[in-house]
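Trainee: Got a structure for you, structure.tsv, holding TSV, C-alpha atoms.
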chain	number	residue	atom	x	y	z
A	1	MET	CA	26.84	-15.61	-14.15
A	2	GLN	CA	25.81	-11.95	-13.84
A	3	ILE	CA	26.46	-10.05	-17.09
A	4	LEU	CA	26.17	-6.35	-17.79
A	5	LEU	CA	25.20	-5.88	-21.44
A	6	THR	CA	25.65	-2.49	-23.10
A	7	ASN	CA	26.01	-1.17	-26.65
A	8	ASP	CA	26.26	2.00	-28.73
A	9	ASP	CA	23.27	1.33	-31.01
A	10	GLY	CA	20.54	1.93	-28.44
A	11	VAL	CA	17.83	-0.06	-26.73
A	12	HIS	CA	15.97	-1.17	-29.86
A	13	ALA	CA	19.03	-2.41	-31.78
A	14	PRO	CA	18.55	-5.94	-33.14
A	15	GLY	CA	22.13	-6.84	-32.22
A	16	LEU	CA	21.53	-6.03	-28.56
A	17	HIS	CA	18.55	-8.34	-28.50
A	18	ALA	CA	20.39	-11.11	-30.38
A	19	ALA	CA	23.04	-11.08	-27.66
A	20	TRP	CA	20.45	-10.78	-24.89
A	21	ARG	CA	18.45	-13.78	-26.14
A	22	ALA	CA	21.54	-15.94	-26.60
A	23	LEU	CA	22.86	-15.11	-23.12
A	24	ASN	CA	19.47	-15.76	-21.54
A	25	ALA	CA	19.25	-19.09	-23.34
A	26	ALA	CA	22.66	-20.02	-21.94
A	27	GLY	CA	21.34	-19.45	-18.41
A	28	HIS	CA	23.07	-16.16	-17.59
A	29	ASN	CA	21.53	-13.30	-15.62
A	30	VAL	CA	21.64	-10.30	-17.95
A	31	PHE	CA	21.37	-6.69	-16.81
A	32	VAL	CA	21.01	-4.27	-19.73
A	33	CYS	CA	22.10	-0.64	-19.57
A	34	VAL	CA	22.39	1.13	-22.92
A	35	PRO	CA	22.14	4.62	-24.44
A	36	ASP	CA	18.59	5.78	-25.10
A	37	ARG	CA	19.48	6.51	-28.73
A	38	PRO	CA	22.13	5.42	-31.27
A	39	ARG	CA	25.58	6.66	-30.23
A	40	SER	CA	27.78	5.05	-32.87
A	41	ALA	CA	31.33	6.42	-33.23
A	42	CYS	CA	31.12	8.29	-29.92
A	43	SER	CA	34.40	6.66	-28.86
A	44	HIS	CA	35.12	6.88	-25.12
A	45	SER	CA	33.34	10.18	-24.57
A	46	ILE	CA	31.66	10.71	-21.20
A	47	THR	CA	28.95	13.12	-20.10
A	48	MET	CA	30.09	15.91	-17.79
A	49	HIS	CA	28.14	18.97	-18.99
A	50	LYS	CA	24.61	17.80	-18.18
A	51	PRO	CA	22.88	15.39	-15.78
A	52	LEU	CA	22.64	11.71	-16.60
A	53	ARG	CA	19.09	10.39	-16.49
A	54	ALA	CA	18.13	6.73	-16.32
A	55	ASN	CA	14.86	5.07	-17.32
A	56	GLN	CA	13.47	1.58	-17.60
A	57	VAL	CA	12.13	0.33	-20.92
A	58	ALA	CA	10.04	-2.81	-21.38
A	59	THR	CA	11.20	-4.90	-24.34
A	60	PRO	CA	10.25	-8.37	-25.64
A	61	ASP	CA	13.40	-9.73	-23.97
A	62	GLY	CA	12.94	-8.05	-20.58
A	63	ILE	CA	13.48	-4.74	-18.82
A	64	ALA	CA	16.31	-2.59	-20.17
A	65	HIS	CA	17.79	0.41	-18.41
A	66	THR	CA	18.58	3.37	-20.64
A	67	CYS	CA	20.45	6.59	-20.08
A	68	ASN	CA	20.94	9.79	-22.05
A	69	GLY	CA	24.71	9.32	-22.15
A	70	THR	CA	27.23	7.18	-23.96
A	71	PRO	CA	28.32	3.54	-23.54
A	72	ALA	CA	31.17	4.78	-21.34
A	73	ASP	CA	28.51	6.42	-19.14
A	74	CYS	CA	26.24	3.38	-19.07
A	75	VAL	CA	28.81	1.02	-17.59
A	76	PRO	CA	29.76	2.99	-14.43
A	77	LEU	CA	26.15	4.13	-14.02
A	78	ALA	CA	25.09	0.49	-13.90
A	79	PHE	CA	28.01	-0.50	-11.63
A	80	LEU	CA	27.61	2.32	-9.11
A	81	GLN	CA	23.89	3.07	-9.07
A	82	LEU	CA	21.63	0.61	-10.86
A	83	MET	CA	22.96	-2.89	-10.17
A	84	PRO	CA	22.79	-4.45	-6.68
A	85	ALA	CA	26.33	-5.82	-7.11
A	86	PRO	CA	29.06	-5.56	-9.76
A	87	PRO	CA	28.76	-8.03	-12.65
A	88	ASP	CA	31.06	-10.93	-13.41
A	89	LEU	CA	31.43	-9.83	-17.03
A	90	VAL	CA	30.73	-6.82	-19.26
A	91	ILE	CA	29.70	-7.34	-22.89
A	92	SER	CA	29.30	-4.47	-25.34
A	93	GLY	CA	27.33	-5.22	-28.50
A	94	ILE	CA	26.42	-6.86	-30.73
A	95	ASN	CA	27.28	-3.88	-32.92
A	96	LEU	CA	25.91	-3.55	-36.45
A	97	GLY	CA	29.03	-3.11	-38.56
A	98	PRO	CA	32.67	-4.06	-38.02
A	99	ASN	CA	35.10	-2.60	-35.52
A	100	LEU	CA	38.39	-3.47	-37.18
A	101	GLY	CA	41.82	-1.87	-37.17
A	102	ASP	CA	41.71	1.84	-36.36
A	103	ASP	CA	37.92	1.63	-35.90
A	104	VAL	CA	38.59	0.73	-32.27
A	105	HIS	CA	39.62	4.34	-31.55
A	106	TYR	CA	36.23	5.68	-32.69
A	107	SER	CA	33.96	2.87	-31.56
A	108	GLY	CA	31.44	3.32	-28.77
A	109	THR	CA	31.11	-0.46	-28.67
A	110	VAL	CA	34.80	-0.91	-27.93
A	111	ALA	CA	34.64	1.94	-25.40
A	112	GLY	CA	31.87	0.16	-23.50
A	113	ALA	CA	34.10	-2.89	-23.13
A	114	MET	CA	37.12	-0.78	-22.20
A	115	GLU	CA	35.10	0.98	-19.50
A	116	GLY	CA	34.14	-2.37	-18.04
A	117	MET	CA	37.80	-3.37	-17.88
A	118	LEU	CA	38.72	0.00	-16.31
A	119	ASN	CA	36.20	-0.80	-13.59
A	120	GLY	CA	37.94	-4.09	-12.86
A	121	VAL	CA	35.66	-6.55	-14.64
A	122	PRO	CA	36.52	-8.89	-17.57
A	123	SER	CA	35.05	-7.34	-20.69
A	124	PHE	CA	34.65	-7.77	-24.42
A	125	GLY	CA	33.05	-5.94	-27.30
A	126	ILE	CA	31.46	-7.83	-30.16
A	127	SER	CA	30.51	-6.63	-33.65
A	128	LEU	CA	28.88	-8.10	-36.73
A	129	ALA	CA	31.18	-7.33	-39.66
A	130	GLY	CA	28.52	-6.27	-42.14
A	131	PHE	CA	25.54	-3.95	-42.61
A	132	GLU	CA	23.27	-5.51	-45.24
A	133	ASN	CA	21.03	-8.48	-44.43
A	134	PRO	CA	22.57	-9.00	-40.97
A	135	GLN	CA	22.76	-12.59	-39.78
A	136	TRP	CA	22.62	-12.23	-36.02
A	137	GLU	CA	22.33	-15.85	-34.90
A	138	PRO	CA	26.00	-16.89	-35.37
A	139	ALA	CA	27.21	-13.76	-33.59
A	140	GLY	CA	24.74	-14.31	-30.74
A	141	LYS	CA	25.80	-17.94	-30.41
A	142	PHE	CA	29.49	-17.01	-30.28
A	143	CYS	CA	28.75	-14.21	-27.81
A	144	ALA	CA	27.21	-16.67	-25.35
A	145	GLU	CA	29.95	-19.26	-25.86
A	146	PHE	CA	32.76	-16.75	-25.43
A	147	ALA	CA	31.12	-15.24	-22.34
A	148	ALA	CA	31.49	-18.57	-20.54
A	149	LYS	CA	35.19	-18.68	-21.46
A	150	MET	CA	36.05	-15.05	-20.68
A	151	VAL	CA	35.43	-15.21	-16.93
A	152	GLY	CA	38.08	-17.88	-16.43
A	153	LEU	CA	40.56	-16.31	-18.83
A	154	ALA	CA	43.71	-14.91	-17.22
A	155	LEU	CA	44.30	-11.82	-19.34
A	156	PRO	CA	47.19	-9.45	-18.60
A	157	ARG	CA	46.45	-6.35	-16.60
A	158	ASP	CA	44.47	-3.58	-18.36
A	159	THR	CA	43.48	-5.89	-21.22
A	160	PHE	CA	40.08	-6.50	-22.79
A	161	VAL	CA	38.92	-8.24	-25.97
A	162	ASN	CA	37.47	-7.07	-29.29
A	163	VAL	CA	35.46	-9.64	-31.29
A	164	ASN	CA	34.31	-9.36	-34.91
A	165	VAL	CA	32.05	-11.98	-36.46
A	166	PRO	CA	31.63	-12.33	-40.25
A	167	ASN	CA	28.14	-11.56	-41.51
A	168	LEU	CA	27.69	-15.12	-42.70
A	169	SER	CA	25.76	-18.23	-41.80
A	170	SER	CA	27.26	-20.65	-39.29
A	171	THR	CA	28.20	-23.07	-42.05
A	172	GLU	CA	30.10	-20.34	-43.94
A	173	ILE	CA	32.18	-19.18	-40.96
A	174	LYS	CA	35.46	-21.11	-41.07
A	175	GLY	CA	36.41	-20.84	-37.41
A	176	VAL	CA	38.08	-18.51	-34.93
A	177	ARG	CA	41.41	-16.70	-35.16
A	178	ILE	CA	43.27	-14.91	-32.38
A	179	THR	CA	44.35	-11.72	-34.11
A	180	SER	CA	46.23	-8.45	-33.80
A	181	GLN	CA	44.75	-5.04	-34.53
A	182	GLY	CA	45.12	-4.18	-38.19
A	183	SER	CA	45.33	-0.77	-39.85
A	184	ARG	CA	42.21	0.74	-41.41
A	185	ARG	CA	42.03	4.40	-42.41
A	186	TYR	CA	39.36	6.57	-44.05
A	187	LYS	CA	40.19	8.87	-46.98
A	188	GLY	CA	38.34	11.97	-48.22
A	189	ASP	CA	35.68	11.71	-45.60
A	190	ILE	CA	34.03	15.16	-45.37
A	191	VAL	CA	31.75	16.27	-48.22
A	192	ARG	CA	30.04	19.68	-48.62
A	193	TYR	CA	26.36	19.91	-49.62
A	194	GLU	CA	23.99	22.83	-50.18
A	195	ALA	CA	20.48	22.88	-48.74
A	196	PRO	CA	17.77	25.30	-50.03
A	197	ILE	CA	17.12	27.03	-46.69
A	198	ILE	CA	19.92	26.27	-44.25
A	199	GLY	CA	22.73	26.62	-46.79
A	200	ALA	CA	25.97	24.65	-46.64
A	201	TYR	CA	26.34	21.55	-44.53
A	202	TYR	CA	28.93	18.79	-44.35
A	203	TRP	CA	28.58	15.02	-44.23
A	204	ARG	CA	31.21	12.62	-43.02
A	205	GLY	CA	31.88	9.41	-44.93
A	206	GLY	CA	34.77	8.30	-47.05
A	207	GLU	CA	36.66	5.45	-48.64
A	208	ILE	CA	38.00	2.68	-46.43
A	209	ILE	CA	41.69	1.90	-46.88
A	210	ASP	CA	42.85	-1.33	-45.25
A	211	ARG	CA	46.62	-1.19	-44.84
A	212	SER	CA	47.27	-4.41	-42.94
A	213	GLU	CA	50.28	-6.21	-44.34
A	214	ARG	CA	50.46	-9.01	-41.76
A	215	ASP	CA	48.51	-12.26	-41.92
A	216	ASP	CA	47.49	-12.19	-38.25
A	217	THR	CA	45.25	-9.11	-38.27
A	218	ASP	CA	41.56	-8.76	-37.48
A	219	ILE	CA	40.98	-7.35	-40.98
A	220	ARG	CA	42.54	-10.38	-42.68
A	221	ALA	CA	40.57	-12.79	-40.50
A	222	ILE	CA	37.24	-11.21	-41.49
A	223	GLN	CA	38.26	-11.12	-45.15
A	224	GLU	CA	38.89	-14.86	-44.96
A	225	ASN	CA	35.59	-15.60	-43.15
A	226	TYR	CA	36.98	-16.23	-39.66
A	227	ILE	CA	35.78	-14.80	-36.36
A	228	SER	CA	38.42	-12.38	-35.10
A	229	VAL	CA	39.30	-12.27	-31.38
A	230	THR	CA	41.76	-9.47	-30.57
A	231	PRO	CA	43.19	-8.63	-27.13
A	232	LEU	CA	43.44	-4.86	-26.69
A	233	HIS	CA	45.37	-2.83	-24.13
A	234	VAL	CA	44.83	0.70	-22.84
A	235	ASP	CA	48.54	1.61	-22.85
A	236	LEU	CA	49.13	3.50	-26.13
A	237	THR	CA	52.82	4.17	-25.42
A	238	ARG	CA	55.17	3.49	-28.36
A	239	TYR	CA	58.06	2.18	-26.31
A	240	ASP	CA	60.58	1.98	-29.15
A	241	ALA	CA	60.21	5.76	-29.61
A	242	LEU	CA	61.18	6.59	-26.03
A	243	VAL	CA	64.94	6.58	-26.62
A	244	GLY	CA	64.76	8.90	-29.63
A	245	LEU	CA	62.64	11.40	-27.73
A	246	GLN	CA	64.84	11.21	-24.64
A	247	GLN	CA	67.83	12.21	-26.77
A	248	LEU	CA	66.11	15.55	-27.48
A	249	PHE	CA	66.27	16.66	-23.83
Let's see the structure in the file written out as structure tokens.

Mentor:
Amino acid sequence: MQILLTNDDGVHAPGLHAAWRALNAAGHNVFVCVPDRPRSACSHSITMHKPLRANQVATPDGIAHTCNGTPADCVPLAFLQLMPAPPDLVISGINLGPNLGDDVHYSGTVAGAMEGMLNGVPSFGISLAGFENPQWEPAGKFCAEFAAKMVGLALPRDTFVNVNVPNLSSTEIKGVRITSQGSRRYKGDIVRYEAPIIGAYYWRGGEIIDRSERDDTDIRAIQENYISVTPLHVDLTRYDALVGLQQLF
């Protein structure tokens, strides 16, 4: 199977190489096209105000193609210019850190998978739900296993998949849950600082507030040490609000 592998953490990200090694070991042909630098939280932004430039980078796992754009640039660049033929599957990740709940709206990892789907290819994003002492092997193993299943999966139109893997050993992960998108918000997330020469600057951070009340969410699955597999859809329409709005006009 021909796989296009992208990410938002850049060409030297350990998660990229964990996925790459696992997919190679499973016998897949992997073509890598990633940003040339970390582009976390770039969402689905695309580059229109400057030229895209592509380069080849030798890595311990093979030749990677890099570009000066975002994950949403990397996917069509690979499809239309760099690859001899479209891939059978697009994988975005493995991201360092979770993409749960409302994170999917900010995530470059999720955007890479969405862009693959928008180009007509089955796609999923995959993230390791932790930052400290990352345990990449279980996520890499699941990435390769799920890749083999995704190609034959009959998903509804305009649908792709978001995967989160607990940052645990294989023996500590309890299994897999098919989940819905939970609700995760960030509170008080811009702080002012003063620097001696440049003066005031602002840093974005904040407290995470998980608001999921249902038992079937991605957030709950990770909290309970399960791999979360969530089908996502590009249609953001809130259909039950249509009637109320129509009554205004």

Trainee: Taking all atoms listed in the file into account, name the residue in A:Ala139, A:Leu16, A:Leu96, A:Ala200 that is nearest to A:Ser169.

Mentor: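 Among A:Ala139, A:Leu16, A:Leu96, A:Ala200, it is A:Ala139 that comes nearest to A:Ser169.
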
Trainee: Just give me the gap between atom CA of A:Val34 and atom CA of A:Tyr226 in Å, one decimal is fine.

Mentor: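 Interatomic distance here is 28.2 Å.
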
Trainee: Calculate how many Å separate atom CA of A:Lys141 from atom CA of A:Leu153, rounding to one decimal.

Mentor: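 Between atom CA of A:Lys141 and atom CA of A:Leu153 the gap is 18.8 Å.
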
Trainee: Excluding same-chain residues fewer than 2 positions from A:Ser127, what lies within 9 Å of it counting all atoms listed in the file, as number ranges by chain?

Mentor: A: 15, 92-99, 109, 125, 129-130, 139, 162-166

Trainee: Which is closer to A:Cys74 than all the others in A:Thr230, A:Asn7, A:Gln181, A:Gln247, using all atoms listed in the file?

Mentor: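 That would be A:Asn7, the residue with the smallest distance to A:Cys74.
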
Trainee: Calculated over only C-alpha atoms, which of the candidates A:Arg185, A:Arg157, A:Arg214, A:His28 has the smallest distance to A:Val104?

Mentor: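 That would be A:Arg185, the residue with the smallest distance to A:Val104.
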
Trainee: Quick one: residues within 12 Å of A:Thr59, all atoms listed in the file counted, chain neighbours fewer than 2 positions away excluded, as a list in words?

Mentor: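 The filter keeps Val11, His12, Ala13, Pro14, Leu16, His17, Trp20, Arg21, Val32, Gln56, Val57, Asp61, Gly62, Ile63, Ala64, His65 and Thr66 of chain A.
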
Trainee: Might you pull out every residue within 8 Å of A:Arg37, with only C-alpha atoms counted and same-chain residues fewer than 2 positions away left off, and present them as a ChimeraX atom specification?

Mentor: /A:9-11,35,39,68

Trainee: Between atom CA of A:Phe31 and atom CA of A:Gln2, what is the spacing in Å?

Mentor: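 Straight-line distance from atom CA of A:Gln2 to atom CA of A:Phe31 works out to 7.5 Å.
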
Trainee: For A:Lys50, which residue among A:Gly244, A:Gly69, A:Pro87, A:Gly112 is the nearest when counting all atoms listed in the file?

Mentor: A:Gly69

Trainee: Determine, counting all atoms listed in the file, every residue of protein, DNA or RNA that lies within 10 Å of (38.8, -8.0, -10.8) in the file coordinates, then give the result as a ChimeraX atom specification.

Mentor: /A:88-89,117-122,157

Trainee: Considering only C-alpha atoms, can you say which of A:Pro156, A:Pro196, A:Gly175, A:Gly205 comes closest to A:His233?

Mentor: A:Pro156

Trainee: Rank A:Cys33, A:Met1, A:Leu82, A:Ile222 by their smallest atom-to-atom distance to A:Lys149, using all atoms listed in the file, and report the top residue only.

Mentor: A:Met1

Trainee: Can you tell me, as a ChimeraX atom specification, which residues sit within 8 Å of (24.1, -17.8, -22.7) in the file's frame, using only C-alpha atoms?

Mentor: /A:21-28,141,143-145,147-148

Trainee: Mind working out the centre and edge lengths of an axis-aligned box for stretch 70-77 of chain A, all listed atoms inside, 4 Å added to each side, rounded to one decimal in Å and written as lines of an AutoDock Vina configuration file?

Mentor:
center_x = 28.7
center_y = 4.1
center_z = -19.0
size_x = 13.0
size_y = 14.2
size_z = 17.9

Trainee: Please provide the set of residues having any atom within 12 Å of A:Asp73, restricted to all atoms listed in the file, with same-chain residues fewer than 4 positions apart removed, written as a compact mmCIF listing (two decimals) with C-alpha atoms, in the coordinates of the input.

Mentor:
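Ended up saving to selection.txt:
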# COMPACT_ATOMS: atom_id res chain seq x y z
CA THR A 6 25.65 -2.49 -23.10
CA ASN A 7 26.01 -1.17 -26.65
CA ASP A 8 26.26 2.00 -28.73
CA CYS A 33 22.10 -0.64 -19.57
CA VAL A 34 22.39 1.13 -22.92
CA PRO A 35 22.14 4.62 -24.44
CA ASP A 36 18.59 5.78 -25.10
CA ARG A 39 25.58 6.66 -30.23
CA CYS A 42 31.12 8.29 -29.92
CA SER A 43 34.40 6.66 -28.86
CA HIS A 44 35.12 6.88 -25.12
CA SER A 45 33.34 10.18 -24.57
CA ILE A 46 31.66 10.71 -21.20
CA THR A 47 28.95 13.12 -20.10
CA MET A 48 30.09 15.91 -17.79
CA PRO A 51 22.88 15.39 -15.78
CA LEU A 52 22.64 11.71 -16.60
CA ARG A 53 19.09 10.39 -16.49
CA ALA A 54 18.13 6.73 -16.32
CA THR A 66 18.58 3.37 -20.64
CA CYS A 67 20.45 6.59 -20.08
CA ASN A 68 20.94 9.79 -22.05
CA GLY A 69 24.71 9.32 -22.15
CA LEU A 77 26.15 4.13 -14.02
CA ALA A 78 25.09 0.49 -13.90
CA PHE A 79 28.01 -0.50 -11.63
CA LEU A 80 27.61 2.32 -9.11
CA GLN A 81 23.89 3.07 -9.07
CA GLY A 108 31.44 3.32 -28.77
CA ALA A 111 34.64 1.94 -25.40
CA GLY A 112 31.87 0.16 -23.50
CA ALA A 113 34.10 -2.89 -23.13
CA MET A 114 37.12 -0.78 -22.20
CA GLU A 115 35.10 0.98 -19.50
CA GLY A 116 34.14 -2.37 -18.04
CA ASN A 119 36.20 -0.80 -13.59

Trainee: So which residues touch A:Ala18 within 7 Å, counting all atoms listed in the file, skipping near sequence neighbours fewer than 6 positions away, as number ranges by chain?

Mentor: A: 136-137, 140
